[in-house]
file run-v7.txt (compact mmCIF, C-alpha atoms)
# COMPACT_ATOMS: atom_id res chain seq x y z
CA LEU A 1 178.59 123.38 47.21
CA GLN A 2 181.67 123.63 45.02
CA ASN A 3 183.96 123.12 47.99
CA VAL A 4 182.46 119.82 49.18
CA ARG A 5 182.39 118.06 45.81
CA ILE A 6 185.14 115.59 44.96
CA ASP A 7 186.85 117.84 42.49
CA PRO A 8 190.54 118.85 42.25
CA SER A 9 189.48 122.49 42.39
CA SER A 10 187.43 122.17 45.60
CA MET A 11 188.59 123.26 49.04
CA SER A 12 188.04 119.79 50.52
CA PHE A 13 189.76 117.77 47.74
CA SER A 14 193.24 117.79 49.26
CA MET A 15 191.74 116.80 52.61
CA TRP A 16 189.84 113.96 50.95
CA LYS A 17 192.91 112.77 49.03
CA ASP A 18 195.42 112.88 51.90
CA ILE A 19 193.68 113.19 55.26
CA PRO A 20 195.54 115.99 57.15
CA VAL A 21 193.94 115.24 60.51
CA PRO A 22 196.18 113.51 63.10
CA PHE A 23 194.65 110.04 63.31
CA TYR A 24 195.54 107.48 65.97
CA MET A 25 194.69 103.86 66.58
CA SER A 26 194.77 102.78 70.22
CA VAL A 27 194.81 99.01 70.83
CA TYR A 28 193.92 97.29 74.09
CA ILE A 29 194.71 93.57 74.45
CA PHE A 30 193.01 91.27 76.95
CA GLU A 31 195.44 89.16 78.95
CA VAL A 32 194.18 85.81 80.32
CA LEU A 33 195.31 85.66 83.95
CA ASN A 34 194.22 82.07 84.65
CA PRO A 35 194.96 79.99 81.51
CA LYS A 36 195.45 76.69 83.40
CA GLU A 37 192.19 77.08 85.31
CA THR A 38 190.32 78.11 82.15
CA LEU A 39 191.61 74.94 80.48
CA GLN A 40 189.99 72.98 83.31
CA GLY A 41 186.60 74.68 82.87
CA ALA A 42 186.94 77.77 85.10
CA LYS A 43 185.66 81.21 84.10
CA PRO A 44 188.38 83.17 82.23
CA VAL A 45 189.81 86.10 84.20
CA LEU A 46 190.89 88.96 81.95
CA ASN A 47 193.12 91.98 82.41
CA GLN A 48 193.15 94.83 79.89
CA ARG A 49 196.65 95.82 78.72
CA GLY A 50 197.53 98.96 76.80
CA PRO A 51 196.83 101.20 75.09
CA TYR A 52 199.38 100.51 72.37
CA VAL A 53 199.07 103.64 70.25
CA TYR A 54 199.80 103.96 66.54
CA ARG A 55 199.90 107.08 64.39
CA GLU A 56 197.77 106.37 61.35
CA PHE A 57 198.35 107.90 57.93
CA ARG A 58 195.79 107.50 55.15
CA TYR A 59 196.23 108.41 51.53
CA LYS A 60 194.47 107.63 48.24
CA THR A 61 196.01 106.32 45.03
CA ASN A 62 194.72 105.21 41.62
CA ILE A 63 192.25 108.13 41.65
CA THR A 64 190.25 107.82 38.42
CA PHE A 65 187.30 110.03 37.46
CA HIS A 66 184.53 108.50 35.34
CA ASP A 67 181.91 110.00 33.02
CA ASN A 68 178.99 108.89 35.23
CA ASP A 69 179.88 111.37 38.01
CA THR A 70 181.90 108.82 39.99
CA VAL A 71 185.53 108.44 41.02
CA SER A 72 187.43 105.26 41.89
CA PHE A 73 190.35 105.01 44.30
CA LEU A 74 192.36 102.81 46.63
CA GLU A 75 192.96 104.11 50.13
CA TYR A 76 196.04 102.90 51.98
CA ARG A 77 196.83 103.19 55.66
CA GLN A 78 200.20 103.10 57.38
CA LEU A 79 200.63 102.67 61.13
CA PHE A 80 203.61 103.73 63.23
CA PHE A 81 204.01 102.78 66.89
CA GLN A 82 204.08 105.73 69.32
CA PRO A 83 206.04 104.64 72.45
CA ASP A 84 205.55 107.98 74.25
CA MET A 85 201.74 107.72 73.93
CA SER A 86 201.53 104.02 74.82
CA ASN A 87 201.24 102.18 78.11
CA GLY A 88 203.66 99.40 77.27
CA SER A 89 205.88 98.30 74.39
CA GLU A 90 205.45 95.98 71.42
CA GLU A 91 208.12 93.70 72.94
CA GLU A 92 206.22 92.85 76.14
CA TYR A 93 204.63 89.43 76.48
CA ILE A 94 200.92 88.74 76.98
CA VAL A 95 199.10 85.43 77.55
CA VAL A 96 196.24 85.07 75.07
CA PRO A 97 194.36 82.16 73.48
CA ASN A 98 196.25 80.25 70.81
CA ILE A 99 193.99 81.95 68.27
CA LEU A 100 194.98 79.82 65.29
CA MET A 101 194.77 76.50 67.14
CA MET A 102 191.52 77.21 68.99
CA GLY A 103 189.92 78.58 65.83
CA ALA A 104 190.93 75.52 63.80
CA ALA A 105 189.60 73.21 66.55
CA VAL A 106 186.13 74.78 66.44
CA MET A 107 186.17 74.81 62.62
CA MET A 108 186.98 71.07 62.61
CA GLU A 109 184.43 70.11 65.27
CA ASN A 110 182.11 68.30 62.85
CA LEU A 111 184.82 66.53 60.86
CA PRO A 112 185.51 62.80 61.35
CA ASN A 113 187.26 61.82 64.58
CA PHE A 114 190.36 60.50 62.81
CA VAL A 115 190.93 63.97 61.29
CA LYS A 116 190.71 65.58 64.73
CA LEU A 117 193.06 62.92 66.14
CA LEU A 118 195.55 63.74 63.39
CA LEU A 119 195.41 67.41 64.37
CA SER A 120 195.69 66.57 68.06
CA GLY A 121 198.79 64.45 67.41
CA ALA A 122 200.33 67.16 65.27
CA LEU A 123 199.66 69.75 67.98
CA ALA A 124 201.35 67.54 70.57
CA GLY A 125 204.38 67.10 68.31
CA MET A 126 204.69 70.86 67.89
CA LYS A 127 204.03 71.45 71.61
CA GLN A 128 201.03 73.64 70.76
CA GLU A 129 198.78 74.52 73.70
CA ALA A 130 195.41 76.25 74.11
CA PHE A 131 197.05 79.45 75.37
CA MET A 132 200.24 81.11 74.22
CA ASN A 133 202.63 83.73 75.56
CA ARG A 134 203.43 86.12 72.71
CA THR A 135 204.69 89.67 72.35
CA VAL A 136 202.29 92.48 71.48
CA GLY A 137 204.05 92.86 68.13
CA GLU A 138 203.55 89.17 67.33
CA ILE A 139 199.88 89.16 68.34
CA LEU A 140 199.12 92.19 66.19
CA TRP A 141 201.52 92.03 63.25
CA GLY A 142 202.20 88.33 62.95
CA TYR A 143 204.54 85.48 63.76
CA GLU A 144 205.75 82.41 61.89
CA ASP A 145 203.71 79.38 62.88
CA PRO A 146 204.28 75.88 61.43
CA LEU A 147 200.72 75.10 62.49
CA LEU A 148 199.52 76.91 59.35
CA ASP A 149 201.16 74.40 57.03
CA THR A 150 200.12 71.48 59.24
CA ILE A 151 196.44 72.47 59.21
CA ASN A 152 196.50 72.99 55.44
CA THR A 153 198.07 69.52 55.06
CA ILE A 154 195.44 67.81 57.23
CA VAL A 155 192.46 69.78 55.89
CA PRO A 156 193.45 71.49 52.61
CA GLY A 157 191.85 74.92 52.22
CA LEU A 158 190.63 75.19 55.83
CA ILE A 159 192.85 78.25 56.41
CA PRO A 160 193.85 79.28 52.88
CA PHE A 161 196.80 81.56 53.53
CA LYS A 162 200.49 81.16 54.29
CA GLY A 163 203.24 83.04 56.02
CA LYS A 164 202.77 84.98 59.24
CA PHE A 165 199.64 84.86 61.36
CA GLY A 166 198.52 87.93 63.35
CA LEU A 167 195.28 89.71 64.10
CA PHE A 168 196.32 92.86 62.16
CA VAL A 169 198.77 91.22 59.76
CA GLU A 170 196.86 92.54 56.73
CA PHE A 171 195.98 95.89 58.32
CA ASN A 172 199.21 97.85 57.86
CA ASN A 173 200.43 99.09 54.47
CA SER A 174 197.28 97.77 52.86
CA ASN A 175 194.19 99.15 51.17
CA SER A 176 190.53 98.58 52.02
CA GLY A 177 189.50 97.63 48.50
CA LEU A 178 188.59 99.55 45.36
CA PHE A 179 185.87 102.07 46.16
CA THR A 180 183.86 103.90 43.52
CA VAL A 181 181.91 106.86 44.93
CA TYR A 182 179.85 109.72 43.53
CA THR A 183 181.66 113.04 43.20
CA GLY A 184 178.58 115.24 43.68
CA ARG A 185 179.45 117.38 40.65
CA LYS A 186 176.10 116.59 38.97
CA ASN A 187 174.04 115.78 42.08
CA ILE A 188 175.38 117.20 45.34
CA SER A 189 173.00 115.04 47.40
CA ARG A 190 174.96 111.94 46.31
CA ALA A 191 178.43 113.30 47.04
CA HIS A 192 180.67 110.64 48.65
CA MET A 193 177.95 107.97 48.43
CA VAL A 194 179.36 104.55 47.48
CA ASP A 195 178.49 103.29 43.99
CA SER A 196 180.47 100.03 44.30
CA TRP A 197 183.20 98.30 46.30
CA ASN A 198 185.60 96.00 44.46
CA GLY A 199 183.15 96.23 41.57
CA LEU A 200 180.27 94.95 43.72
CA LYS A 201 176.94 96.71 44.22
CA LYS A 202 176.31 94.41 47.19
CA VAL A 203 178.29 91.78 49.09
CA ASN A 204 177.39 88.11 49.47
CA TYR A 205 178.49 87.45 53.05
CA TRP A 206 175.05 87.49 54.63
CA ARG A 207 171.71 85.70 54.39
CA SER A 208 169.46 88.60 53.37
CA SER A 209 169.52 91.16 50.58
CA GLU A 210 169.12 93.96 53.14
CA CYS A 211 172.19 92.90 55.12
CA ASN A 212 174.27 92.52 51.94
CA MET A 213 173.54 96.05 50.73
CA ILE A 214 176.41 98.55 50.43
CA ASN A 215 174.88 101.73 51.83
CA GLY A 216 176.11 105.21 52.62
CA THR A 217 179.63 106.54 52.17
CA THR A 218 183.12 105.23 52.91
CA GLY A 219 182.90 106.79 56.38
CA GLU A 220 185.10 109.81 55.66
CA MET A 221 182.61 112.44 54.43
CA TRP A 222 178.88 112.68 53.78
CA PRO A 223 176.67 114.76 51.47
CA PRO A 224 176.13 118.35 52.70
CA PHE A 225 173.00 119.71 54.39
CA MET A 226 172.63 116.76 56.75
CA SER A 227 169.48 116.30 58.80
CA PRO A 228 169.58 115.28 62.47
CA THR A 229 168.38 111.72 61.81
CA SER A 230 171.01 109.13 60.83
CA LEU A 231 174.04 108.48 58.65
CA GLU A 232 175.34 105.34 56.94
CA PHE A 233 178.72 104.04 55.83
CA TYR A 234 180.17 100.79 54.52
CA SER A 235 182.97 99.20 56.59
CA PRO A 236 185.17 96.59 54.84
CA ASP A 237 186.58 95.66 58.27
CA ALA A 238 183.10 94.75 59.54
CA CYS A 239 182.05 93.41 56.10
CA ARG A 240 178.79 95.36 56.28
CA SER A 241 177.09 98.73 56.17
CA MET A 242 176.45 100.47 59.47
CA THR A 243 173.86 103.04 60.47
CA LEU A 244 174.51 105.57 63.23
CA VAL A 245 171.75 107.70 64.74
CA TYR A 246 171.64 111.36 65.80
CA GLU A 247 172.20 111.96 69.51
CA GLN A 248 172.79 115.69 70.04
CA SER A 249 174.06 118.96 68.60
CA GLY A 250 177.31 120.49 69.73
CA LYS A 251 180.41 122.39 68.66
CA CYS A 252 183.99 121.45 67.82
CA GLY A 253 186.34 124.39 68.05
CA GLY A 254 183.40 126.72 67.55
CA VAL A 255 182.14 124.84 64.46
CA PRO A 256 178.58 123.47 64.89
CA THR A 257 178.25 119.67 64.73
CA TYR A 258 175.78 116.83 64.91
CA ARG A 259 176.84 113.85 67.02
CA PHE A 260 175.93 110.41 65.67
CA VAL A 261 176.24 107.25 67.77
CA ALA A 262 175.59 103.53 67.40
CA PRO A 263 172.03 102.43 68.21
CA LYS A 264 171.58 99.51 70.61
CA THR A 265 170.33 97.49 67.65
CA LEU A 266 173.62 97.72 65.70
CA PHE A 267 174.89 94.30 66.86
CA ALA A 268 171.56 92.94 68.17
CA ASN A 269 170.63 89.40 67.19
CA GLY A 270 167.72 88.51 64.91
CA THR A 271 165.42 87.74 67.83
CA ASP A 272 165.80 91.15 69.44
CA TYR A 273 165.94 93.01 66.12
CA PRO A 274 164.45 91.07 63.16
CA PRO A 275 166.24 93.09 60.40
CA ASN A 276 169.53 91.64 61.73
CA GLU A 277 168.36 88.06 61.13
CA GLY A 278 170.37 88.12 57.90
CA PHE A 279 173.61 88.41 59.92
CA CYS A 280 172.88 85.14 61.73
CA PRO A 281 173.60 82.43 62.86
CA CYS A 282 173.47 84.57 65.98
CA MET A 283 174.30 84.12 69.62
CA GLN A 284 173.49 86.69 72.31
CA SER A 285 172.63 90.26 71.35
CA GLY A 286 175.59 92.62 71.21
CA ILE A 287 177.96 90.46 69.15
CA GLN A 288 177.99 89.90 65.41
CA ASN A 289 179.20 86.70 63.81
CA ILE A 290 181.75 87.61 61.10
CA SER A 291 182.87 84.04 60.32
CA THR A 292 181.34 84.23 56.83
CA CYS A 293 183.80 86.95 55.81
CA ARG A 294 186.73 85.72 57.90
CA LEU A 295 187.47 82.29 56.40
CA LYS A 296 184.71 80.72 58.57
CA ALA A 297 186.81 81.28 61.69
CA PRO A 298 184.66 81.60 64.86
CA MET A 299 185.15 85.35 65.22
CA PHE A 300 182.74 88.04 66.45
CA ILE A 301 182.79 91.82 66.60
CA SER A 302 181.15 93.94 69.29
CA HIS A 303 181.49 97.17 71.20
CA PRO A 304 184.42 97.15 73.67
CA HIS A 305 183.83 95.30 76.94
CA PHE A 306 180.51 94.08 75.45
CA TYR A 307 178.99 97.52 75.93
CA ASN A 308 175.30 97.48 74.92
CA ALA A 309 175.39 93.67 74.81
CA ASP A 310 173.54 90.91 76.63
CA PRO A 311 174.78 90.90 80.27
CA ALA A 312 175.39 87.15 79.95
CA LEU A 313 178.42 87.90 77.76
CA VAL A 314 179.96 90.11 80.45
CA ASP A 315 179.14 87.59 83.18
CA ALA A 316 180.82 84.74 81.29
CA VAL A 317 184.24 86.25 82.02
CA GLU A 318 185.79 88.36 84.74
CA GLY A 319 187.48 91.70 84.21
CA LEU A 320 185.09 93.56 81.90
CA HIS A 321 183.63 96.95 82.83
CA PRO A 322 181.44 98.31 80.02
CA SER A 323 180.81 102.06 80.07
CA LYS A 324 179.38 104.57 77.62
CA ASP A 325 182.13 107.15 78.26
CA GLN A 326 184.95 104.73 77.45
CA HIS A 327 183.44 102.26 75.02
CA ALA A 328 180.74 103.97 72.92
CA LEU A 329 181.64 105.11 69.41
CA PHE A 330 180.67 108.50 67.97
CA LEU A 331 181.04 110.81 64.98
CA ASP A 332 180.77 114.62 65.22
CA VAL A 333 179.92 115.92 61.73
CA HIS A 334 179.52 119.47 60.46
CA PRO A 335 175.98 119.24 59.02
CA MET A 336 176.42 121.96 56.40
CA THR A 337 179.35 120.24 54.64
CA GLY A 338 179.10 116.62 55.83
CA ILE A 339 182.73 116.71 57.00
CA PRO A 340 183.58 114.93 60.31
CA MET A 341 185.17 117.24 62.84
CA ASN A 342 185.81 114.70 65.61
CA CYS A 343 185.41 110.93 65.75
CA SER A 344 186.19 107.84 67.77
CA ILE A 345 185.30 104.52 66.15
CA LYS A 346 185.66 101.60 68.57
CA LEU A 347 185.33 97.88 67.89
CA GLN A 348 186.20 94.72 69.80
CA LEU A 349 187.39 91.45 68.27
CA ASN A 350 186.25 88.27 70.01
CA GLN A 351 186.83 84.54 69.51
CA TYR A 352 184.46 81.70 70.33
CA ILE A 353 186.41 78.99 72.15
CA LYS A 354 185.27 75.65 73.57
CA HIS A 355 186.29 72.07 74.29
CA VAL A 356 186.23 70.05 71.07
CA SER A 357 185.92 66.31 71.44
CA GLY A 358 188.92 64.50 69.97
CA ILE A 359 191.33 67.42 70.34
CA ILE A 360 192.91 67.00 73.75
CA GLN A 361 194.57 70.42 73.70
CA THR A 362 191.14 72.05 74.21
CA GLY A 363 190.93 70.45 77.66
CA LYS A 364 187.64 71.17 79.42
CA ILE A 365 187.23 74.73 78.23
CA LYS A 366 183.62 75.83 78.55
CA PRO A 367 182.02 77.51 75.52
CA VAL A 368 182.63 81.25 75.77
CA VAL A 369 182.94 84.28 73.51
CA LEU A 370 186.32 85.53 74.68
CA PRO A 371 187.42 89.15 74.03
CA LEU A 372 190.83 89.27 72.35
CA LEU A 373 191.35 93.00 71.90
CA TRP A 374 189.58 96.24 71.12
CA PHE A 375 190.75 99.28 69.25
CA ALA A 376 189.73 102.90 68.84
CA GLU A 377 190.47 104.89 65.70
CA SER A 378 190.16 108.54 66.60
CA GLY A 379 190.99 111.95 65.22
CA SER A 380 189.78 115.54 65.27
CA ILE A 381 190.28 118.58 63.06
CA GLU A 382 192.57 121.01 64.87
CA GLY A 383 195.27 123.63 64.38
CA ALA A 384 195.47 125.43 61.03
CA VAL A 385 192.84 123.17 59.45
CA LEU A 386 190.37 123.95 62.24
CA LYS A 387 191.13 127.68 61.91
CA GLN A 388 190.41 127.50 58.19
CA PHE A 389 187.16 125.66 58.85
CA TYR A 390 186.07 128.13 61.51
CA THR A 391 186.82 131.08 59.22
CA ASN A 392 185.02 129.62 56.20
CA LEU A 393 182.14 127.89 57.95
CA VAL A 394 181.37 130.19 60.89
CA LEU A 395 182.92 133.65 60.64
CA LEU A 396 182.30 134.37 56.96
CA PRO A 397 178.67 133.12 56.96
CA SER A 398 178.01 135.15 60.12
CA LEU A 399 179.60 138.22 58.55
CA LEU A 400 177.59 137.82 55.35
CA ASP A 401 174.43 137.37 57.39
CA TYR A 402 175.26 140.52 59.38
CA LEU A 403 176.00 142.49 56.20
CA GLN A 404 172.73 141.32 54.70
CA TYR A 405 170.79 143.02 57.53
CA ILE A 406 172.93 146.16 57.21
CA PHE A 407 172.17 146.41 53.50
CA LEU A 408 168.53 145.68 54.19
CA GLY A 409 168.49 148.48 56.78
CA LEU A 410 170.15 150.90 54.39
CA SER A 411 167.75 150.03 51.58
CA VAL A 412 164.60 150.90 53.56
CA PRO A 413 165.21 154.73 53.61
CA LEU A 414 166.07 154.59 49.89
CA VAL A 415 162.81 152.85 49.09
CA ILE A 416 160.85 155.36 51.18
CA SER A 417 162.64 158.28 49.48
CA ALA A 418 161.93 156.86 46.04
CA ALA A 419 158.25 156.44 46.94
CA VAL A 420 158.00 160.04 48.17
CA LEU A 421 159.61 161.40 45.00
CA MET A 422 157.15 159.44 42.90

call {"tool": "encode", "arguments": {"input": "run-v7.txt", "output": "C-alpha cells"}}
result
Amino acid sequence: LQNVRIDPSSMSFSMWKDIPVPFYMSVYIFEVLNPKETLQGAKPVLNQRGPYVYREFRYKTNITFHDNDTVSFLEYRQLFFQPDMSNGSEEEYIVVPNILMMGAAVMMENLPNFVKLLLSGALAGMKQEAFMNRTVGEILWGYEDPLLDTINTIVPGLIPFKGKFGLFVEFNNSNSGLFTVYTGRKNISRAHMVDSWNGLKKVNYWRSSECNMINGTTGEMWPPFMSPTSLEFYSPDACRSMTLVYEQSGKCGGVPTYRFVAPKTLFANGTDYPPNEGFCPCMQSGIQNISTCRLKAPMFISHPHFYNADPALVDAVEGLHPSKDQHALFLDVHPMTGIPMNCSIKLQLNQYIKHVSGIIQTGKIKPVVLPLLWFAESGSIEGAVLKQFYTNLVLLPSLLDYLQYIFLGLSVPLVISAAVLM
C-alpha cells in the first residue's frame, strides 16, 4: 500500500513523476489518391502512409501537495522523430484535404451568401484549393498559412488563433492541463483518482451532466486491488472520460495482468447507446463529434480505420481495412498495484467535408467523414524496471507465501508437543 501511494517515499513515486517506460507515438496519415475525382463527387480513395514514429518523454512539474490528500501537477510531453523506426521521413509530401479551408467552409455554411462569396474570392486570390500537397512535418507540426488571417478578417473569432496551423501543433512541448488527483495516503481506494482538471469538477463541452463528468484517473495508474470489471480515465485530448472493460487475464514478463479494452459502445451514437446522447449531435455509430471542444470545427474521433463503427463509414471511402489486431486499443494493468504494464492507445482523427454552396473551391464533394490520420501511443515496462516489478510483485509474495506454509508446518508439531506436556 505504501508503495503505490503518491508519496515521495513510495517505490512508484519516481515512476509516476518521470515515466521511465519507453513510450512511442506512431502516426499513420491517409493520403488521398484521387483528389480531382473527389472534387467532382467521386468516392475518396485513401492510402495509409507511415508509420512516422516519435519517442515520447513525459515528465511532471509544479507538483504541489495539498492538505486534503490531493496533489496538483502539470505533465509535459516531448516528441522526437525516430527515422530508423519510421516508414518514411517528415520531409516527404502527402496529398490531404486542405483541412483549414474545408473546415472553415463547413463552419460558414449557414452564414449569408455574401460572406461565403468573400471567402471564395479570397481563396481564389491565394490559390487555395480543396486538397493540398504538404510534407508530413507540416501536416503534423504546422505551417504558415495566410488563410488564418483572412478568415479572421472575414469572420472575426471563427478560428481564434494565429501563427502556424497543424494537426499536432499544440501537442509537442505542451502540457495536458492542471490535474489535481488524490494521493491515496488517507484513502488508498482513491489513489490517482482525479479531483479536478484545470480547476473544474466537470467540463461543459457536452449536453448532459453524465457526459461532462470527469471520472477515473489521468490514465497512468489506478487504485490498487482492481476487480476484473472496468476502469475509467479522463482524456483531455478526447475532451471526455472514457470507460474500458475487462477482457481477459494474462501476464507481462511474468507479472499477472488484467487486459481492458474499449467496449463497442465507446463511440456509439445516442440512438444505439442512449447514455451517449449527451455527446450529440451525432452521425453514424463509431465516430464522436468533438467540434464543441475544437473551436466548432467539423472534427470527429474514432477507432482507426473505423473499427467497431457503422459499416457505412468504411463504405463511404476506399482503402480502409478495420481489424481488431491492428486497430483495437488495450491496457494491461497489474491488478494488485493498478500500474499499467503494457498499453496501446489508438485514436483516429477525421474531418467532415462536403460541398458548400457559395464556396466554389468545394466543388461537388459529397458529404463524407474523411479519415485524416490515426496514431498509437504505446509502451511497456521492460528491462530493469520489469525485473524490479517481477521481484517485488511476484517472487517475494510467492516466497512469503511459501514460507508461511513452512512455518505453519513447523508449528503443528510444537502445538502437539505443548498439548502432550500439558

call {"tool": "residues_around", "arguments": {"input": "run-v7.txt", "residues": "segment 343-358 of chain A", "least_positions_apart": "3", "cutoff": "6 Å", "atoms": "all atoms listed in the file", "output": "ChimeraX atom specification"}}
result
/A:116-117,298-304,329-332,362-379

call {"tool": "closest_residue", "arguments": {"input": "run-v7.txt", "among": "A:Arg207, A:Ile339, A:Pro97, A:Asn276", "to": "Phe131 of chain A", "atoms": "all atoms listed in the file"}}
result
A:Pro97

call {"tool": "residues_around", "arguments": {"input": "run-v7.txt", "residues": "segment 145-159 of chain A", "least_positions_apart": "3", "cutoff": "8 Å", "atoms": "only C-alpha atoms", "output": "VMD selection string"}}
result
chain A and resid 100 to 101 104 115 118 to 119 122 to 123 126 162 to 165 295

call {"tool": "closest_residue", "arguments": {"input": "run-v7.txt", "among": "A:Val96, A:Leu320, A:Ala309, A:Met85", "to": "Asp272 of chain A", "atoms": "only C-alpha atoms"}}
result
A:Ala309

call {"tool": "closest_residue", "arguments": {"input": "run-v7.txt", "among": "A:Asn173, A:Ser120, A:Gln361, A:Asn342", "to": "Glu220 of chain A", "atoms": "all atoms listed in the file"}}
result
A:Asn342

call {"tool": "closest_residue", "arguments": {"input": "run-v7.txt", "among": "A:Ala130, A:Ile359, A:Ile139, A:Ile19", "to": "Leu111 of chain A", "atoms": "only C-alpha atoms"}}
result
A:Ile359

call {"tool": "build_atoms", "arguments": {"input": "run-v7.txt", "residues": "segment 75-86 of chain A", "atoms": "N, CA and C atoms", "output": "mmCIF file, keeping the file's coordinate frame"}}
result
data_model
loop_
_atom_site.group_PDB
_atom_site.id
_atom_site.type_symbol
_atom_site.label_atom_id
_atom_site.label_comp_id
_atom_site.auth_asym_id
_atom_site.auth_seq_id
_atom_site.Cartn_x
_atom_site.Cartn_y
_atom_site.Cartn_z
ATOM 1 N N GLU A 75 192.458 103.356 48.982
ATOM 2 C CA GLU A 75 192.960 104.110 50.130
ATOM 3 C C GLU A 75 193.851 103.200 50.978
ATOM 4 N N TYR A 76 195.066 103.656 51.191
ATOM 5 C CA TYR A 76 196.040 102.900 51.980
ATOM 6 C C TYR A 76 196.175 103.523 53.366
ATOM 7 N N ARG A 77 196.559 102.684 54.313
ATOM 8 C CA ARG A 77 196.830 103.190 55.660
ATOM 9 C C ARG A 77 198.162 102.632 56.136
ATOM 10 N N GLN A 78 198.921 103.480 56.796
ATOM 11 C CA GLN A 78 200.200 103.100 57.380
ATOM 12 C C GLN A 78 200.150 103.417 58.873
ATOM 13 N N LEU A 79 200.678 102.521 59.677
ATOM 14 C CA LEU A 79 200.630 102.670 61.130
ATOM 15 C C LEU A 79 202.039 102.665 61.698
ATOM 16 N N PHE A 80 202.299 103.604 62.603
ATOM 17 C CA PHE A 80 203.610 103.730 63.230
ATOM 18 C C PHE A 80 203.434 103.787 64.747
ATOM 19 N N PHE A 81 204.128 102.882 65.431
ATOM 20 C CA PHE A 81 204.010 102.780 66.890
ATOM 21 C C PHE A 81 204.507 104.056 67.557
ATOM 22 N N GLN A 82 203.752 104.517 68.576
ATOM 23 C CA GLN A 82 204.080 105.730 69.320
ATOM 24 C C GLN A 82 204.403 105.370 70.781
ATOM 25 N N PRO A 83 205.675 105.080 71.090
ATOM 26 C CA PRO A 83 206.040 104.640 72.450
ATOM 27 C C PRO A 83 205.648 105.644 73.530
ATOM 28 N N ASP A 84 205.800 106.962 73.238
ATOM 29 C CA ASP A 84 205.550 107.980 74.250
ATOM 30 C C ASP A 84 204.064 108.116 74.577
ATOM 31 N N MET A 85 203.180 107.640 73.699
ATOM 32 C CA MET A 85 201.740 107.720 73.930
ATOM 33 C C MET A 85 201.164 106.401 74.437
ATOM 34 N N SER A 86 202.004 105.368 74.501
ATOM 35 C CA SER A 86 201.530 104.020 74.820
ATOM 36 C C SER A 86 201.821 103.658 76.263
#
